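Comments concern the structure below.
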Amino acid sequence: MRIVPVLTAIVVTATLYLLIMERETFMAFALGQDEVSAEDTTAIPATDSAEMQAVAQNLVRVVVQSSESEEIDSAVQLRGETEAAREVQVMAETTAVVISDPLRRGSFVEAGQEMCRLDPGTRHTNLAQAQADLANARAQVPQAQARVKEAQARLDEAQINDNVAKKLSQTGYASETRVAGTQAAVVSAEAGVEAARSGLETTQAGIRAAEAAVAAAEKEIERLTIKAPFAGLLETDTAELGSLLGAGGVCATIIQLDPIKVVGYVPETQVHRVSLGSLAGARLTDGREVRGRVTFLSRSADPETRTFRVDIDVANADMSIRDGQTADILIASAGTMAHLLPGSALTLNDTGDLGVRIVESGNIVAFKQVNLMRDTSEGVWVTGLADKVDVIVVGQEFVIDGVKVEPTYREAAQ
């Protein structure tokens with residue numbers, strides 16, 4: 001009754017014997033062929049012989065594509081939007097009532113064109129008063145100058161009398177009292193000269209104060225007319241007739257669209273590939289393509305996105321490009337040597353690095369990390385490989401580094 005276990009043991013023993021001791025004979029039998037001797041291998045086709053050797057050596061068969069690097073025009077791809085070159089809220093610098101008819105939004109204004117005019121009130125009267133004070137101050141100048149001359153003449157006279165008294169005193173014809181009196185007169189005359197000069201300076205200071213008052217009054221009147229700081233489009237209506245504008249009140253918002261900016265944000269991994277003056281292009285959402293140059297590259301990263309702002313100036317003479325349109329941006333960079341490979345050839349290693357598996361000398365597999373440059377309909381452009389490599393395009397997921405494989409080569413176009 002124990003014959004079944006005995007038969008099972010015999011079968012297992014025979015199988016192990018064939019797999020271990022008669023491996024080559026067993027493999028040949030499994031392929032449906034007689035045992036092949038070394039002398040008969042020349043009669044077997046090369047392909048069948050390679051298959052038999054691959055099976056005999058437990059080699060994994062993979063499809064390999066030979067690739068040579070090519071120089072491609074490298075471009076930094078960004079997503080951005082258009083932005084007005086300038087946008088300003090034109091504000092009032094004084095308080096008054098608007099007395100001009102409003103300009104409607106969308107109107108084009110030239111630089112210096114009047115947008116809002118304010119009621120002057122009593123400002124012209126204040127200017128006239130300041131001008132009168134200036135004239136009065138200037139009229140006092142001749143009188144102050146005459147006082148200086150009069151004081152100087154008295155000083156000269158006192159000095160002459162003092163000199164005469166000193167000489168007479170030396171010959172005994174004048175007393176010391178007289179000499180002391182003439183010296184006191186000289187000191188008094190000098191003080192008079194200083195006082196007259198001080199009065200002249202005070203008069204001149206009064207003139208400068210009056211001139212400042214006139215300038216302030218004129219400036220206040222000038223502020224009554226609010227003008228466009230540059231040529232552009234009104235984004236809002238100007239202030240309505242009869243409305244009260246205080247200092248800091250908005251007359252209108254004006255934007256400049258020619259040239260217009262295309263703004264994007266460059267990742268920190270690619271910022272070294274962008275430089276001022278680089279050629280750039282952008283495709284707008286309506287399909288239009290525009291070109292310009294990089295005019296600004298931020299030196300400070302955005303703290304939240306770790307990206308750097310880049311501005312591209314684009315001509316917009318017809319004002320057809322609007323502020324805030326979405327744009328796909330390409331910024332030209334130096335040419336790069338890269339390989340064009342099928343996207344399916346890309347794989348990940350155990351640490352999550354993107355790369356490909358290649359066949360090196362001796363048909364040994366190795367993983368090489370790559371950088372993805374561009375994704376096209378023909379395949380992906382990658383960098384980080386040698387100029388010539390044999391890339392596994394089929395079967396790369398079934399092998400690991402250091403494994404020997406049996407490669408089958410195919411053309412890149414297949």
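Scheme for the structure tokens: letters A, B, ... for chains in order shown; per-chain residue numbers from 1; ligand numbers from 1 in order shown.
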
* Test item: residues at most 9 Å from segment 218-234 of chain A, only C-alpha atoms, excluding those fewer than 6 positions along its chain, as an MDAnalysis selection string -> chainID A and resid 86 88 90:96 98 103:120 123:124 127 251:258

Keeping N, CA, C and O atoms, export the residues of the selection given above as a compact mmCIF listing (two decimals), in the first residue's frame.
# COMPACT_ATOMS: atom_id res chain seq x y z
N ARG A 86 3.96 99.21 -17.59
CA ARG A 86 3.72 100.13 -16.47
C ARG A 86 2.24 100.12 -16.13
O ARG A 86 1.39 99.98 -17.02
N VAL A 88 -0.07 102.55 -13.37
CA VAL A 88 0.00 103.58 -12.33
C VAL A 88 -1.39 104.10 -12.03
O VAL A 88 -2.19 104.35 -12.94
N VAL A 90 -2.96 107.31 -11.06
CA VAL A 90 -2.62 108.73 -11.04
C VAL A 90 -3.49 109.40 -9.97
O VAL A 90 -4.72 109.37 -10.06
N MET A 91 -2.83 110.00 -8.98
CA MET A 91 -3.54 110.55 -7.82
C MET A 91 -3.41 112.06 -7.74
O MET A 91 -2.47 112.65 -8.28
N ALA A 92 -4.37 112.65 -7.06
CA ALA A 92 -4.35 114.10 -6.83
C ALA A 92 -3.36 114.43 -5.71
O ALA A 92 -3.17 113.64 -4.79
N GLU A 93 -2.72 115.61 -5.82
CA GLU A 93 -1.77 116.07 -4.81
C GLU A 93 -2.35 117.18 -3.94
O GLU A 93 -1.67 117.66 -3.03
N THR A 94 -3.58 117.56 -4.22
CA THR A 94 -4.25 118.60 -3.43
C THR A 94 -5.73 118.28 -3.37
O THR A 94 -6.21 117.36 -4.05
N THR A 95 -6.45 119.02 -2.57
CA THR A 95 -7.88 118.78 -2.39
C THR A 95 -8.67 119.84 -3.13
O THR A 95 -8.46 121.05 -2.93
N ALA A 96 -9.58 119.40 -4.00
CA ALA A 96 -10.43 120.32 -4.75
C ALA A 96 -11.50 119.52 -5.47
O ALA A 96 -11.46 118.28 -5.52
N VAL A 98 -13.54 118.36 -8.86
CA VAL A 98 -13.25 118.13 -10.27
C VAL A 98 -14.19 118.99 -11.12
O VAL A 98 -15.42 118.99 -10.92
N LEU A 103 -12.84 111.25 -18.84
CA LEU A 103 -12.44 110.42 -19.97
C LEU A 103 -12.82 108.98 -19.65
O LEU A 103 -12.60 108.51 -18.53
N ARG A 104 -13.34 108.26 -20.62
CA ARG A 104 -13.85 106.92 -20.37
C ARG A 104 -12.74 105.87 -20.48
O ARG A 104 -11.75 106.05 -21.19
N ARG A 105 -12.92 104.77 -19.77
CA ARG A 105 -11.94 103.68 -19.78
C ARG A 105 -11.75 103.16 -21.20
O ARG A 105 -12.68 103.14 -22.01
N GLY A 106 -10.52 102.76 -21.48
CA GLY A 106 -10.19 102.30 -22.82
C GLY A 106 -9.66 103.39 -23.72
O GLY A 106 -9.14 103.10 -24.80
N SER A 107 -9.78 104.64 -23.28
CA SER A 107 -9.26 105.75 -24.09
C SER A 107 -7.74 105.75 -24.05
O SER A 107 -7.13 105.43 -23.03
N PHE A 108 -7.14 106.15 -25.17
CA PHE A 108 -5.69 106.27 -25.23
C PHE A 108 -5.32 107.71 -24.93
O PHE A 108 -5.91 108.65 -25.46
N VAL A 109 -4.36 107.90 -24.05
CA VAL A 109 -3.91 109.24 -23.68
C VAL A 109 -2.42 109.35 -23.95
O VAL A 109 -1.67 108.38 -23.81
N GLU A 110 -2.01 110.53 -24.39
CA GLU A 110 -0.59 110.80 -24.63
C GLU A 110 0.07 111.28 -23.34
O GLU A 110 -0.60 111.73 -22.41
N ALA A 111 1.38 111.18 -23.31
CA ALA A 111 2.13 111.67 -22.15
C ALA A 111 1.89 113.18 -22.00
O ALA A 111 2.02 113.93 -22.95
N GLY A 112 1.51 113.61 -20.79
CA GLY A 112 1.27 115.02 -20.52
C GLY A 112 -0.14 115.48 -20.82
O GLY A 112 -0.48 116.65 -20.57
N GLN A 113 -1.01 114.58 -21.31
CA GLN A 113 -2.39 114.97 -21.61
C GLN A 113 -3.18 115.13 -20.32
O GLN A 113 -3.02 114.38 -19.37
N GLU A 114 -4.06 116.16 -20.30
CA GLU A 114 -4.88 116.42 -19.12
C GLU A 114 -5.91 115.32 -18.94
O GLU A 114 -6.62 114.94 -19.86
N MET A 115 -6.00 114.81 -17.70
CA MET A 115 -6.99 113.79 -17.38
C MET A 115 -8.05 114.34 -16.41
O MET A 115 -9.23 114.06 -16.56
N CYS A 116 -7.62 115.09 -15.41
CA CYS A 116 -8.55 115.70 -14.45
C CYS A 116 -8.12 117.15 -14.21
O CYS A 116 -6.93 117.42 -14.05
N ARG A 117 -9.12 118.07 -14.15
CA ARG A 117 -8.84 119.47 -13.82
C ARG A 117 -9.67 119.85 -12.60
O ARG A 117 -10.87 119.58 -12.53
N LEU A 118 -9.00 120.47 -11.61
CA LEU A 118 -9.62 120.78 -10.33
C LEU A 118 -9.93 122.27 -10.22
O LEU A 118 -9.28 123.11 -10.84
N ASP A 119 -10.91 122.56 -9.38
CA ASP A 119 -11.33 123.96 -9.14
C ASP A 119 -10.22 124.71 -8.40
O ASP A 119 -9.78 124.28 -7.33
N PRO A 120 -9.76 125.88 -8.93
CA PRO A 120 -8.65 126.59 -8.28
C PRO A 120 -9.04 127.27 -6.97
O PRO A 120 -8.20 127.50 -6.11
N ARG A 123 -6.79 129.95 -4.81
CA ARG A 123 -5.35 129.75 -5.01
C ARG A 123 -4.70 130.87 -5.82
O ARG A 123 -3.55 131.23 -5.57
N HIS A 124 -5.41 131.44 -6.78
CA HIS A 124 -4.85 132.55 -7.54
C HIS A 124 -4.68 133.78 -6.65
O HIS A 124 -3.72 134.55 -6.81
N LEU A 127 -1.60 133.33 -4.68
CA LEU A 127 -0.43 133.59 -5.51
C LEU A 127 -0.19 135.10 -5.63
O LEU A 127 0.98 135.54 -5.53
N CYS A 251 -7.39 109.80 -9.61
CA CYS A 251 -8.02 110.38 -10.80
C CYS A 251 -8.34 109.29 -11.80
O CYS A 251 -9.45 109.22 -12.33
N ALA A 252 -7.37 108.38 -12.08
CA ALA A 252 -7.58 107.29 -13.03
C ALA A 252 -6.41 106.33 -12.92
O ALA A 252 -5.36 106.65 -12.35
N THR A 253 -6.60 105.13 -13.48
CA THR A 253 -5.54 104.14 -13.60
C THR A 253 -5.14 104.04 -15.06
O THR A 253 -6.00 103.85 -15.93
N ILE A 254 -3.84 104.15 -15.34
CA ILE A 254 -3.34 104.12 -16.70
C ILE A 254 -2.30 103.01 -16.82
O ILE A 254 -1.50 102.79 -15.90
N ILE A 255 -2.33 102.27 -17.94
CA ILE A 255 -1.38 101.19 -18.17
C ILE A 255 -0.68 101.41 -19.51
O ILE A 255 -1.27 101.97 -20.44
N GLN A 256 0.59 100.96 -19.57
CA GLN A 256 1.36 101.03 -20.81
C GLN A 256 1.55 99.62 -21.33
O GLN A 256 2.09 98.75 -20.65
N LEU A 257 1.10 99.37 -22.58
CA LEU A 257 1.14 98.04 -23.16
C LEU A 257 2.15 97.90 -24.29
O LEU A 257 2.24 96.83 -24.90
N ASP A 258 2.87 98.96 -24.62
CA ASP A 258 3.87 98.88 -25.68
C ASP A 258 5.17 99.51 -25.20
O ASP A 258 5.24 100.74 -25.02

* Long-range neighbours of Arg154 of chain A as a PyMOL selection string, 10 Å cut-off, only C-alpha atoms, 2 positions minimum in chain -> chain A and resi 149-152+156-160+185-186+188-190+192-193

Generate the output file for the selected residues, N, CA and C atoms, as a PDB file, in the first residue's frame.
ATOM      1  N   LYS A 149      25.984 151.652   3.501  1.00  0.00           N
ATOM      2  CA  LYS A 149      26.922 152.673   3.008  1.00  0.00           C
ATOM      3  C   LYS A 149      27.065 153.814   4.021  1.00  0.00           C
ATOM      4  N   GLU A 150      25.950 154.204   4.623  1.00  0.00           N
ATOM      5  CA  GLU A 150      25.998 155.287   5.619  1.00  0.00           C
ATOM      6  C   GLU A 150      26.837 154.871   6.825  1.00  0.00           C
ATOM      7  N   ALA A 151      26.642 153.665   7.277  1.00  0.00           N
ATOM      8  CA  ALA A 151      27.410 153.187   8.425  1.00  0.00           C
ATOM      9  C   ALA A 151      28.889 153.084   8.079  1.00  0.00           C
ATOM     10  N   GLN A 152      29.188 152.677   6.857  1.00  0.00           N
ATOM     11  CA  GLN A 152      30.581 152.577   6.438  1.00  0.00           C
ATOM     12  C   GLN A 152      31.244 153.960   6.385  1.00  0.00           C
ATOM     13  N   ASP A 156      34.492 155.321   8.447  1.00  0.00           N
ATOM     14  CA  ASP A 156      35.674 155.961   7.847  1.00  0.00           C
ATOM     15  C   ASP A 156      35.984 157.295   8.531  1.00  0.00           C
ATOM     16  N   GLU A 157      34.937 158.072   8.798  1.00  0.00           N
ATOM     17  CA  GLU A 157      35.132 159.380   9.462  1.00  0.00           C
ATOM     18  C   GLU A 157      35.696 159.188  10.868  1.00  0.00           C
ATOM     19  N   ALA A 158      35.192 158.241  11.592  1.00  0.00           N
ATOM     20  CA  ALA A 158      35.660 157.999  12.954  1.00  0.00           C
ATOM     21  C   ALA A 158      37.119 157.548  12.948  1.00  0.00           C
ATOM     22  N   GLN A 159      37.495 156.736  11.979  1.00  0.00           N
ATOM     23  CA  GLN A 159      38.883 156.288  11.904  1.00  0.00           C
ATOM     24  C   GLN A 159      39.831 157.460  11.575  1.00  0.00           C
ATOM     25  N   ILE A 160      39.390 158.384  10.712  1.00  0.00           N
ATOM     26  CA  ILE A 160      40.210 159.564  10.395  1.00  0.00           C
ATOM     27  C   ILE A 160      40.393 160.430  11.640  1.00  0.00           C
ATOM     28  N   ALA A 185      34.392 156.366  19.213  1.00  0.00           N
ATOM     29  CA  ALA A 185      33.583 156.647  18.023  1.00  0.00           C
ATOM     30  C   ALA A 185      33.847 155.619  16.929  1.00  0.00           C
ATOM     31  N   VAL A 186      35.113 155.172  16.818  1.00  0.00           N
ATOM     32  CA  VAL A 186      35.441 154.148  15.815  1.00  0.00           C
ATOM     33  C   VAL A 186      34.705 152.840  16.122  1.00  0.00           C
ATOM     34  N   SER A 188      31.986 152.437  17.844  1.00  0.00           N
ATOM     35  CA  SER A 188      30.558 152.626  17.609  1.00  0.00           C
ATOM     36  C   SER A 188      30.225 152.574  16.124  1.00  0.00           C
ATOM     37  N   ALA A 189      31.098 153.161  15.295  1.00  0.00           N
ATOM     38  CA  ALA A 189      30.860 153.141  13.848  1.00  0.00           C
ATOM     39  C   ALA A 189      30.965 151.721  13.297  1.00  0.00           C
ATOM     40  N   GLU A 190      31.917 150.911  13.807  1.00  0.00           N
ATOM     41  CA  GLU A 190      32.034 149.521  13.365  1.00  0.00           C
ATOM     42  C   GLU A 190      30.770 148.744  13.708  1.00  0.00           C
ATOM     43  N   GLY A 192      27.830 149.985  13.980  1.00  0.00           N
ATOM     44  CA  GLY A 192      26.795 150.441  13.063  1.00  0.00           C
ATOM     45  C   GLY A 192      26.883 149.765  11.700  1.00  0.00           C
ATOM     46  N   VAL A 193      28.114 149.550  11.242  1.00  0.00           N
ATOM     47  CA  VAL A 193      28.287 148.847   9.959  1.00  0.00           C
ATOM     48  C   VAL A 193      27.767 147.418  10.048  1.00  0.00           C
TER      49      VAL A 193
END

Please identify the strand (DSSP E) residues within segment 263-354 of chain A (assignment by DSSP from backbone atoms) and present them as a short mmCIF file (atom, residue, chain, number, x, y, z; two decimals) with N, CA, C and O atoms, in the first residue's frame.
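Listed below is the output, out.cif:
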data_model
loop_
_atom_site.label_atom_id
_atom_site.label_comp_id
_atom_site.auth_asym_id
_atom_site.auth_seq_id
_atom_site.Cartn_x
_atom_site.Cartn_y
_atom_site.Cartn_z
N VAL A 263 6.04 87.50 -18.49
CA VAL A 263 6.68 87.18 -17.21
C VAL A 263 6.56 85.69 -16.92
O VAL A 263 5.48 85.10 -17.06
N GLY A 264 7.68 85.08 -16.57
CA GLY A 264 7.69 83.68 -16.16
C GLY A 264 8.57 83.50 -14.93
O GLY A 264 9.22 84.45 -14.47
N TYR A 265 8.60 82.29 -14.40
CA TYR A 265 9.39 81.99 -13.22
C TYR A 265 10.24 80.75 -13.48
O TYR A 265 9.71 79.68 -13.79
N VAL A 266 11.56 80.92 -13.39
CA VAL A 266 12.51 79.86 -13.73
C VAL A 266 12.83 79.04 -12.49
O VAL A 266 13.18 79.61 -11.45
N PRO A 267 12.76 77.70 -12.57
CA PRO A 267 13.17 76.87 -11.42
C PRO A 267 14.65 77.07 -11.12
O PRO A 267 15.45 77.39 -12.01
N LEU A 279 17.53 85.49 -26.46
CA LEU A 279 16.33 85.47 -27.29
C LEU A 279 15.26 84.60 -26.63
O LEU A 279 15.57 83.58 -26.01
N ALA A 280 14.02 85.02 -26.77
CA ALA A 280 12.92 84.27 -26.17
C ALA A 280 11.69 84.41 -27.04
O ALA A 280 11.53 85.38 -27.79
N GLY A 281 10.83 83.43 -26.96
CA GLY A 281 9.56 83.45 -27.67
C GLY A 281 8.45 82.98 -26.77
O GLY A 281 8.69 82.32 -25.75
N ALA A 282 7.23 83.34 -27.14
CA ALA A 282 6.08 82.95 -26.34
C ALA A 282 4.90 82.67 -27.26
O ALA A 282 4.72 83.35 -28.27
N ARG A 283 4.13 81.65 -26.89
CA ARG A 283 2.90 81.33 -27.61
C ARG A 283 1.73 81.68 -26.70
O ARG A 283 1.61 81.16 -25.58
N LEU A 284 0.86 82.58 -27.18
CA LEU A 284 -0.29 83.01 -26.39
C LEU A 284 -1.44 82.02 -26.55
O LEU A 284 -1.41 81.14 -27.41
N GLU A 289 2.29 83.84 -31.85
CA GLU A 289 3.65 83.68 -31.35
C GLU A 289 4.36 85.03 -31.39
O GLU A 289 4.30 85.74 -32.40
N VAL A 290 5.02 85.38 -30.32
CA VAL A 290 5.73 86.65 -30.21
C VAL A 290 7.17 86.37 -29.80
O VAL A 290 7.47 85.32 -29.23
N ARG A 291 8.04 87.32 -30.11
CA ARG A 291 9.45 87.17 -29.79
C ARG A 291 9.97 88.41 -29.09
O ARG A 291 9.45 89.52 -29.28
N GLY A 292 11.00 88.23 -28.29
CA GLY A 292 11.62 89.35 -27.58
C GLY A 292 12.92 88.90 -26.95
O GLY A 292 13.48 87.85 -27.30
N ARG A 293 13.40 89.68 -26.03
CA ARG A 293 14.64 89.36 -25.32
C ARG A 293 14.43 89.48 -23.82
O ARG A 293 13.58 90.25 -23.35
N VAL A 294 15.24 88.73 -23.09
CA VAL A 294 15.18 88.77 -21.63
C VAL A 294 15.75 90.10 -21.15
O VAL A 294 16.89 90.45 -21.47
N THR A 295 14.97 90.87 -20.42
CA THR A 295 15.41 92.18 -19.92
C THR A 295 15.61 92.19 -18.41
O THR A 295 16.17 93.13 -17.87
N PHE A 296 15.13 91.15 -17.73
CA PHE A 296 15.29 91.11 -16.27
C PHE A 296 15.32 89.67 -15.81
O PHE A 296 14.53 88.84 -16.26
N LEU A 297 16.26 89.37 -14.91
CA LEU A 297 16.35 88.06 -14.26
C LEU A 297 16.59 88.30 -12.78
O LEU A 297 17.61 88.87 -12.40
N THR A 307 11.56 79.89 -7.11
CA THR A 307 11.75 80.20 -8.52
C THR A 307 12.20 81.65 -8.66
O THR A 307 12.04 82.45 -7.73
N PHE A 308 12.73 81.96 -9.84
CA PHE A 308 13.27 83.30 -10.10
C PHE A 308 12.48 83.95 -11.23
O PHE A 308 12.28 83.34 -12.29
N ARG A 309 12.06 85.18 -11.02
CA ARG A 309 11.27 85.90 -12.02
C ARG A 309 12.15 86.29 -13.21
O ARG A 309 13.29 86.73 -13.05
N VAL A 310 11.59 86.14 -14.41
CA VAL A 310 12.26 86.57 -15.63
C VAL A 310 11.26 87.36 -16.47
O VAL A 310 10.11 86.97 -16.61
N ASP A 311 11.71 88.53 -16.99
CA ASP A 311 10.87 89.40 -17.81
C ASP A 311 11.39 89.40 -19.24
O ASP A 311 12.60 89.49 -19.47
N ILE A 312 10.46 89.35 -20.18
CA ILE A 312 10.78 89.42 -21.61
C ILE A 312 9.98 90.56 -22.20
O ILE A 312 8.75 90.59 -22.08
N ASP A 313 10.67 91.52 -22.84
CA ASP A 313 10.00 92.64 -23.48
C ASP A 313 9.62 92.26 -24.90
O ASP A 313 10.44 91.78 -25.68
N VAL A 314 8.34 92.50 -25.24
CA VAL A 314 7.80 92.15 -26.56
C VAL A 314 7.12 93.38 -27.14
O VAL A 314 6.37 94.08 -26.43
N THR A 326 -2.29 84.24 -20.66
CA THR A 326 -1.41 83.11 -20.40
C THR A 326 -0.48 82.89 -21.59
O THR A 326 -0.89 83.06 -22.74
N ALA A 327 0.77 82.51 -21.32
CA ALA A 327 1.75 82.32 -22.38
C ALA A 327 2.66 81.14 -22.06
O ALA A 327 3.03 80.93 -20.90
N ASP A 328 2.98 80.36 -23.11
CA ASP A 328 4.01 79.32 -23.02
C ASP A 328 5.31 79.92 -23.52
O ASP A 328 5.39 80.37 -24.67
N ILE A 329 6.34 79.91 -22.69
CA ILE A 329 7.58 80.64 -22.97
C ILE A 329 8.71 79.66 -23.27
O ILE A 329 8.84 78.63 -22.60
N LEU A 330 9.53 80.02 -24.26
CA LEU A 330 10.76 79.30 -24.57
C LEU A 330 11.90 80.31 -24.58
O LEU A 330 11.84 81.30 -25.31
N ILE A 331 12.92 80.07 -23.76
CA ILE A 331 14.08 80.96 -23.70
C ILE A 331 15.28 80.20 -24.25
O ILE A 331 15.61 79.11 -23.77
N ALA A 332 15.93 80.77 -25.27
CA ALA A 332 17.05 80.10 -25.91
C ALA A 332 18.21 79.96 -24.95
O ALA A 332 18.48 80.83 -24.12
N THR A 336 23.12 71.68 -26.52
CA THR A 336 23.47 70.59 -25.62
C THR A 336 23.52 69.28 -26.39
O THR A 336 22.71 69.04 -27.28
N MET A 337 24.51 68.43 -26.06
CA MET A 337 24.60 67.10 -26.65
C MET A 337 23.62 66.19 -25.91
O MET A 337 23.67 66.07 -24.69
N ALA A 338 22.73 65.55 -26.67
CA ALA A 338 21.69 64.73 -26.04
C ALA A 338 21.39 63.52 -26.93
O ALA A 338 21.76 63.47 -28.11
N HIS A 339 20.71 62.51 -26.35
CA HIS A 339 20.31 61.30 -27.06
C HIS A 339 18.80 61.31 -27.22
O HIS A 339 18.06 61.67 -26.29
N LEU A 340 18.34 60.89 -28.40
CA LEU A 340 16.92 60.72 -28.66
C LEU A 340 16.56 59.25 -28.45
O LEU A 340 17.01 58.39 -29.20
N LEU A 341 15.76 58.99 -27.41
CA LEU A 341 15.41 57.62 -27.04
C LEU A 341 13.90 57.47 -26.95
O LEU A 341 13.18 58.46 -26.71
N THR A 347 13.49 54.32 -17.05
CA THR A 347 13.13 53.49 -15.90
C THR A 347 13.66 54.14 -14.63
O THR A 347 14.32 55.18 -14.68
N LEU A 348 13.37 53.54 -13.51
CA LEU A 348 13.82 54.05 -12.21
C LEU A 348 14.68 52.99 -11.53
O LEU A 348 14.40 51.78 -11.64
N LEU A 354 15.74 58.72 -12.12
CA LEU A 354 15.33 58.46 -13.50
C LEU A 354 16.56 58.16 -14.35
O LEU A 354 17.58 58.85 -14.26
#

* Filtered DSSP result for segment 24-233 of chain A, state helix (DSSP H, G or I), as an NGL selection string -> :A and (24-30 or 38-43 or 46-56 or 123-171 or 176-222)

* What is the atom CA of Asn349 of chain A-atom CA of Phe367 of chain A distance in Å, reported with one decimal? ->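 Separating atom CA of Asn349 of chain A from atom CA of Phe367 of chain A is a distance of 7.5 Å.
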
* To do: Might you pull out every residue within 8 Å of segment 208-210 of chain A, with only C-alpha atoms counted and same-chain residues fewer than 2 positions away left off, and present them as JSON, numbers by chain?
  => {"A": [130, 131, 133, 134, 137, 204, 205, 206, 212, 213, 214]}

* **Nearest to Val394 of chain A by atom-to-atom distance, counting only C-alpha atoms, from A:Ala239, A:Leu200, A:Val63, A:Gly343** =>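 Closest to Val394 of chain A of all the choices is A:Val63.
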
* Asked: Pick from A:Val271, A:Ala180, A:Ala165, A:Ile321: nearest to Ser300 of chain A, with only C-alpha atoms counted?
  ->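 Closest candidate: A:Val271.
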
* Would you work out the distance separating atom CA of Val399 of chain A from atom CA of Ser69 of chain A, expressed in Å to one decimal? => 24.4 Å

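When only C-alpha atoms are used to measure the gap to Pro407 of chain A, the shortest distance among A:Ile3, A:Ala9, A:Ile364, A:Leu372 belongs to A:Ile364.
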
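Distance annotation: of A:Leu346, A:Thr376, A:Glu70, A:Arg306, the residue with the minimal separation from Gln270 of chain A is A:Arg306; atom set is only C-alpha atoms.
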
* So, counting only C-alpha atoms, which residue among A:Leu7, A:Leu59, A:Glu304, A:Val76 is closest to Phe398 of chain A? ->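 Result for the nearest residue to Phe398 of chain A: A:Leu59.
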
* Can you list, as a list of chain:residue names, every protein, DNA or RNA residue that comes within 10 Å of Pro142 of chain A when you count only C-alpha atoms, leaving out same-chain residues fewer than 5 positions away? -> A:Arg147, A:Val148, A:Leu200, A:Thr203

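Atom CA of Ala191 of chain A lies 16.0 Å from atom CA of Asp162 of chain A.
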